[in-house]
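What follows is upload03.tsv (TSV, C-alpha atoms).
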chain	number	residue	atom	x	y	z
S	1	MET	CA	-4.37	22.49	-2.78
S	2	GLN	CA	-4.76	23.92	-6.25
S	3	GLN	CA	-6.14	21.95	-9.17
S	4	ASN	CA	-8.01	22.40	-12.41
S	5	GLU	CA	-8.38	20.25	-15.50
S	6	ASP	CA	-5.25	21.65	-17.15
S	7	LYS	CA	-2.87	21.99	-14.21
S	8	PRO	CA	-1.55	19.34	-11.81
S	9	VAL	CA	-2.31	19.41	-8.10
S	10	VAL	CA	0.09	21.43	-5.96
S	11	TYR	CA	0.18	22.07	-2.22
S	12	SER	CA	0.99	25.28	-0.38
S	13	ALA	CA	3.41	25.21	2.56
S	14	LEU	CA	0.44	25.52	4.92
S	15	GLU	CA	-1.28	22.51	3.32
S	16	VAL	CA	1.97	20.53	3.55
S	17	ALA	CA	2.18	21.44	7.24
S	18	LYS	CA	-1.37	20.21	7.88
S	19	ILE	CA	-0.76	16.91	6.08
S	20	CYS	CA	2.47	16.33	8.02
S	21	GLY	CA	1.03	17.48	11.36
S	22	VAL	CA	3.46	20.36	11.90
S	23	VAL	CA	3.29	24.15	11.99
S	24	ASN	CA	3.59	26.19	8.79
S	25	GLN	CA	7.08	27.46	9.59
S	26	THR	CA	8.42	23.91	9.90
S	27	ALA	CA	7.24	23.11	6.38
S	28	ILE	CA	8.85	26.31	5.09
S	29	ASN	CA	12.09	25.38	6.86
S	30	TRP	CA	12.06	21.93	5.21
S	31	ILE	CA	11.72	23.60	1.82
S	32	ARG	CA	14.37	26.27	2.43
S	33	SER	CA	16.80	23.66	3.75
S	34	GLY	CA	16.36	21.57	0.61
S	35	PHE	CA	14.82	18.59	2.40
S	36	LEU	CA	11.48	19.03	0.64
S	37	LYS	CA	11.51	19.80	-3.07
S	38	ALA	CA	9.33	22.79	-4.04
S	39	PHE	CA	9.04	25.63	-6.53
S	40	LYS	CA	8.03	29.27	-6.19
S	41	THR	CA	5.06	30.97	-7.79
S	42	PRO	CA	5.54	34.36	-9.49
S	43	GLY	CA	4.26	35.83	-6.23
S	44	GLY	CA	7.02	34.12	-4.25
S	45	GLN	CA	4.87	31.43	-2.61
S	46	PHE	CA	6.16	27.87	-2.21
S	47	ARG	CA	4.31	25.07	-3.96
S	48	VAL	CA	4.90	21.30	-3.66
S	49	TYR	CA	3.89	18.50	-6.03
S	50	PRO	CA	2.24	15.36	-4.55
S	51	ASP	CA	5.10	13.08	-5.69
S	52	ASP	CA	7.71	15.29	-4.01
S	53	LEU	CA	5.70	15.46	-0.78
S	54	THR	CA	5.18	11.69	-0.81
S	55	ASP	CA	8.88	11.08	-1.44
S	56	PHE	CA	9.75	13.35	1.49
S	57	MET	CA	7.22	11.71	3.84
S	58	LEU	CA	8.40	8.22	2.91
S	59	SER	CA	11.98	9.22	3.74
S	60	ARG	CA	10.78	10.40	7.17
S	61	LYS	CA	8.61	7.29	7.69
S	62	MET	CA	5.49	9.44	8.06
S	63	LYS	CA	1.97	8.07	7.64
S	64	ILE	CA	0.77	9.10	4.19
S	65	PRO	CA	-2.93	9.68	3.46
S	66	GLN	CA	-4.31	7.46	0.72
S	67	GLU	CA	-5.69	10.60	-0.95
S	68	LEU	CA	-2.12	11.84	-1.42
S	69	PHE	CA	-1.01	8.53	-2.98
S	70	ALA	CA	-3.96	8.78	-5.37
S	71	LEU	CA	-2.67	12.11	-6.71
S	72	CYS	CA	0.86	10.87	-7.40
S	73	LYS	CA	2.02	10.30	-10.97
S	74	ASN	CA	4.97	8.05	-10.12
S	75	PRO	CA	3.77	4.40	-10.15
S	76	LYS	CA	5.90	3.50	-7.13
S	77	PHE	CA	3.70	5.79	-5.01
S	78	THR	CA	0.33	4.38	-6.04
S	79	GLU	CA	-1.84	1.71	-4.47
S	80	LYS	CA	0.19	1.54	-1.27
S	81	THR	CA	-2.16	-0.95	0.33
S	82	ILE	CA	-1.96	-4.45	1.76
S	83	LEU	CA	-4.96	-6.71	2.29
S	84	ILE	CA	-4.43	-9.56	4.75
S	85	VAL	CA	-6.91	-12.42	4.34
S	86	ASP	CA	-6.85	-15.12	7.02
S	87	ASP	CA	-9.68	-16.55	9.11
S	88	ASP	CA	-7.25	-17.13	11.99
S	89	CYS	CA	-7.96	-13.84	13.78
S	90	GLY	CA	-4.88	-14.10	15.99
S	91	LEU	CA	-2.47	-14.66	13.10
S	92	ASN	CA	-4.22	-12.01	11.01
S	93	ALA	CA	-3.70	-9.50	13.82
S	94	VAL	CA	-0.05	-10.48	14.29
S	95	ILE	CA	0.68	-10.06	10.58
S	96	ALA	CA	-1.14	-6.71	10.48
S	97	LYS	CA	0.73	-5.37	13.52
S	98	TYR	CA	4.08	-6.45	12.10
S	99	MET	CA	3.36	-4.92	8.69
S	100	LYS	CA	2.19	-1.63	10.23
S	101	LYS	CA	5.47	-1.40	12.13
S	102	LYS	CA	7.53	-2.37	9.10
S	103	PHE	CA	5.65	-0.21	6.57
S	104	PRO	CA	4.17	2.80	8.41
S	105	GLU	CA	3.40	4.56	5.11
S	106	VAL	CA	1.23	1.71	3.83
S	107	ASP	CA	-2.52	1.31	4.44
S	108	ILE	CA	-3.25	-2.14	5.80
S	109	PHE	CA	-6.66	-3.81	5.70
S	110	GLN	CA	-7.87	-7.14	7.01
S	111	ALA	CA	-10.47	-9.70	5.95
S	112	TYR	CA	-11.42	-12.96	7.66
S	113	ASP	CA	-13.39	-14.85	5.01
S	114	GLY	CA	-13.62	-15.16	1.25
S	115	PHE	CA	-16.73	-13.02	0.89
S	116	ASP	CA	-15.21	-10.06	2.76
S	117	ALA	CA	-11.95	-10.55	0.88
S	118	GLY	CA	-13.71	-10.33	-2.48
S	119	ALA	CA	-15.61	-7.21	-1.47
S	120	GLN	CA	-12.49	-5.44	-0.20
S	121	MET	CA	-10.47	-6.52	-3.24
S	122	SER	CA	-13.09	-4.99	-5.52
S	123	GLU	CA	-13.28	-1.76	-3.52
S	124	ARG	CA	-9.65	-1.16	-2.54
S	125	LYS	CA	-7.68	-2.91	-5.31
S	126	PRO	CA	-4.65	-3.44	-3.02
S	127	ALA	CA	-1.12	-3.61	-4.36
S	128	CYS	CA	-0.36	-6.63	-2.21
S	129	LEU	CA	-2.59	-9.49	-1.07
S	130	ILE	CA	-1.49	-11.81	1.74
S	131	LEU	CA	-3.87	-14.74	1.31
S	132	ASP	CA	-4.61	-17.88	3.30
S	133	LEU	CA	-5.96	-20.58	1.00
S	134	ASP	CA	-8.21	-22.38	3.50
S	135	LEU	CA	-11.01	-19.83	3.94
S	136	PRO	CA	-14.68	-19.93	4.90
S	137	GLY	CA	-16.94	-18.51	2.20
S	138	ILE	CA	-14.67	-19.18	-0.75
S	139	ASN	CA	-11.73	-21.38	-1.59
S	140	GLY	CA	-8.48	-19.38	-1.76
S	141	LEU	CA	-7.69	-20.99	-5.11
S	142	GLU	CA	-10.99	-19.76	-6.48
S	143	LEU	CA	-10.20	-16.24	-5.29
S	144	CYS	CA	-6.79	-16.39	-7.00
S	145	LYS	CA	-8.51	-17.56	-10.17
S	146	LYS	CA	-11.03	-14.69	-10.06
S	147	ILE	CA	-8.26	-12.13	-9.49
S	148	ASN	CA	-6.24	-13.59	-12.35
S	149	GLU	CA	-9.18	-13.57	-14.78
S	150	SER	CA	-10.94	-10.33	-13.80
S	151	GLY	CA	-9.73	-6.74	-13.96
S	152	LYS	CA	-12.14	-5.58	-11.27
S	153	PHE	CA	-9.72	-6.54	-8.49
S	154	GLY	CA	-6.76	-4.63	-9.89
S	155	ASN	CA	-3.46	-6.41	-10.33
S	156	PRO	CA	-2.20	-7.29	-6.83
S	157	ALA	CA	0.96	-9.17	-6.02
S	158	ILE	CA	-0.43	-12.27	-4.30
S	159	ILE	CA	1.49	-13.91	-1.47
S	160	VAL	CA	-0.16	-17.18	-0.46
S	161	VAL	CA	0.29	-18.41	3.11
S	162	THR	CA	-1.03	-21.83	4.05
S	163	ALA	CA	-0.69	-24.78	6.39
S	164	LEU	CA	-1.58	-27.14	3.53
S	165	GLU	CA	1.16	-29.63	2.68
S	166	ASN	CA	0.33	-30.22	-0.94
S	167	LEU	CA	2.75	-29.83	-3.83
S	168	GLU	CA	-0.13	-29.97	-6.30
S	169	VAL	CA	-1.74	-26.94	-4.65
S	170	GLU	CA	1.58	-25.07	-4.69
S	171	ASN	CA	1.99	-25.73	-8.40
S	172	LYS	CA	-1.64	-24.77	-9.05
S	173	VAL	CA	-1.41	-21.35	-7.42
S	174	LYS	CA	1.69	-20.53	-9.43
S	175	THR	CA	-0.35	-20.91	-12.62
S	176	LEU	CA	-2.83	-18.38	-11.22
S	177	GLY	CA	-0.40	-15.47	-11.01
S	178	VAL	CA	0.64	-15.98	-7.38
S	179	LYS	CA	3.94	-14.26	-6.59
S	180	CYS	CA	5.03	-16.44	-3.65
S	181	PHE	CA	3.90	-19.49	-1.71
S	182	LEU	CA	4.76	-19.57	2.01
S	183	LYS	CA	4.02	-22.37	4.45
S	184	LYS	CA	2.93	-21.85	8.04
S	185	PRO	CA	4.33	-21.26	10.60
S	186	LEU	CA	5.31	-17.97	9.01
S	187	ASP	CA	8.64	-16.21	9.16
S	188	LEU	CA	7.36	-12.62	9.46
S	189	ALA	CA	10.69	-11.11	8.39
S	190	GLU	CA	10.65	-13.22	5.23
S	191	LEU	CA	7.05	-12.21	4.57
S	192	ALA	CA	7.92	-8.52	5.03
S	193	GLY	CA	10.78	-8.90	2.55
S	194	LEU	CA	8.39	-10.26	-0.06
S	195	VAL	CA	5.90	-7.46	0.61
S	196	GLU	CA	8.66	-4.90	0.18
S	197	GLU	CA	9.41	-6.36	-3.25
S	198	CYS	CA	5.78	-5.70	-4.19
S	199	PHE	CA	6.34	-1.96	-3.71
S	200	SER	CA	9.74	-1.71	-5.38
Go through the file and emit its structure as structure tokens.
Amino acid sequence: MQQNEDKPVVYSALEVAKICGVVNQTAINWIRSGFLKAFKTPGGQFRVYPDDLTDFMLSRKMKIPQELFALCKNPKFTEKTILIVDDDCGLNAVIAKYMKKKFPEVDIFQAYDGFDAGAQMSERKPACLILDLDLPGINGLELCKKINESGKFGNPAIIVVTALENLEVENKVKTLGVKCFLKKPLDLAELAGLVEECFS
């Protein structure tokens, strides 16, 4: 990988191969076949931009390192993370497993209480937050309020999931920047569709 203050990051064919978990010749073949966009240096060596490599890996449903996303200039490739916050460990695990299968290129993290959720939000600044409102440590509404009022958590698309049957709560979260409000039991396919919208 080549980088200085004036030039963007580029990857050699060998570096592409290592990131994708293949041999060097395979990466060269992808480039020569036109599957992976690249350019040639004056010395005849192939070089690939992070956005082009990410685009290629997404099309092949490959796992993409977060470090690669961080180097991309295209906004659709940044912050590819989901944080699932639910103190029901079983449901949290089910949602995480489903999302990993549905979005193999996305980094998925889990939290089980409000304190951990706040810490991970501050550190990771996920693009999408799947949030249960009834949490130990902090009220889910309070967390939504903090996210809405503070820039330190980034600007996640918040999908609230709850067993609470309360129209007042539903209306309240919508004033706090919540994208969607889903009631348990969850339809995982519906949830995945909403998550996909967060990355489009």
Edge lengths and centre in Å, axis-aligned, range 81-91 of chain S plus 4 Å each side, as lines of an AutoDock Vina configuration file:
center_x = -5.8
center_y = -9.0
center_z = 8.2
size_x = 15.7
size_y = 24.2
size_z = 23.7
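Proximity of S:Asn155, S:Gln120, S:Gln66, S:Thr162 to Asp107 in chain S, computed with only C-alpha atoms, is greatest for S:Gln66.
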Each range 28-52 of chain S residue no farther than 12 Å from range 75-99 of chain S, nearest pair in Å, all atoms listed in the file, as JSON lines:
{"residue": "S:Pro50", "atom": "CA", "partner": "S:Phe77", "partner_atom": "CA", "distance": 9.7}
{"residue": "S:Asp51", "atom": "CA", "partner": "S:Phe77", "partner_atom": "CA", "distance": 7.5}
{"residue": "S:Asp52", "atom": "CA", "partner": "S:Phe77", "partner_atom": "CA", "distance": 10.4}
### Message
Which residues are close to Ile64 in chain S, i.e. within 8 Å by all atoms listed in the file, leaving aside same-chain residues fewer than 2 positions away? Reply as a PyMOL selection string.
### Response
chain S and resi 54+57-58+62+66+68-69+105-106
### Query
In Å to one decimal, how far is CA of Leu131 in chain S from CA of Leu194 in chain S?
13.1 Å
### Query
Which of these residues is nearest to Ala192 in chain S, using all atoms listed in the file: S:Lys145, S:Lys102, S:Lys174, S:Lys152?
S:Lys102
### Residue contacts of Pro104 in chain S (6 Å, all atoms listed in the file) excluding same-chain residues fewer than 3 positions away, as a PyMOL selection string
chain S and resi 63+100-101
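Interatomic distance, CA of Val160 in chain S to CA of Pro136 in chain S: 15.7 Å.
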### Task
Counting all atoms listed in the file, write as number ranges by chain all protein and nucleic acid residues lying at most 8 Å from (7.6, -15.7, -0.4) in the file's frame.
S: 159-160, 179-182, 190-191, 194
### Query
Using all atoms listed in the file, which residues sit within 12 Å of Gly44 in chain S once same-chain residues fewer than 5 positions away are excluded, as a list in words?
Ser12, Ala13, Ala38 and Phe39 of chain S
#### Entry: For CA of Ala127 in chain S and CA of Gln110 in chain S, the interatomic separation in Å (one decimal)
13.7 Å
### Message
Using only C-alpha atoms, which protein or nucleic acid residues come within 9 Å of Asn24 in chain S? Drop anything in the same chain fewer than 3 positions from it, and give the result as a list in words.
### Response
Ala13, Leu14, Glu15, Val16, Ala17, Lys18, Ala27, Ile28 and Asn29 of chain S
### Message
Which residue is closest to Gly193 in chain S? Choose from S:Leu176, S:Phe103, S:Gly118, S:Thr26 and count all atoms listed in the file.
### Response
S:Phe103
### Query
Of the residues S:Asp55, S:Glu149, S:Asp113, S:Glu168, which is the one nearest to Asp132 in chain S, using all atoms listed in the file?
S:Asp113
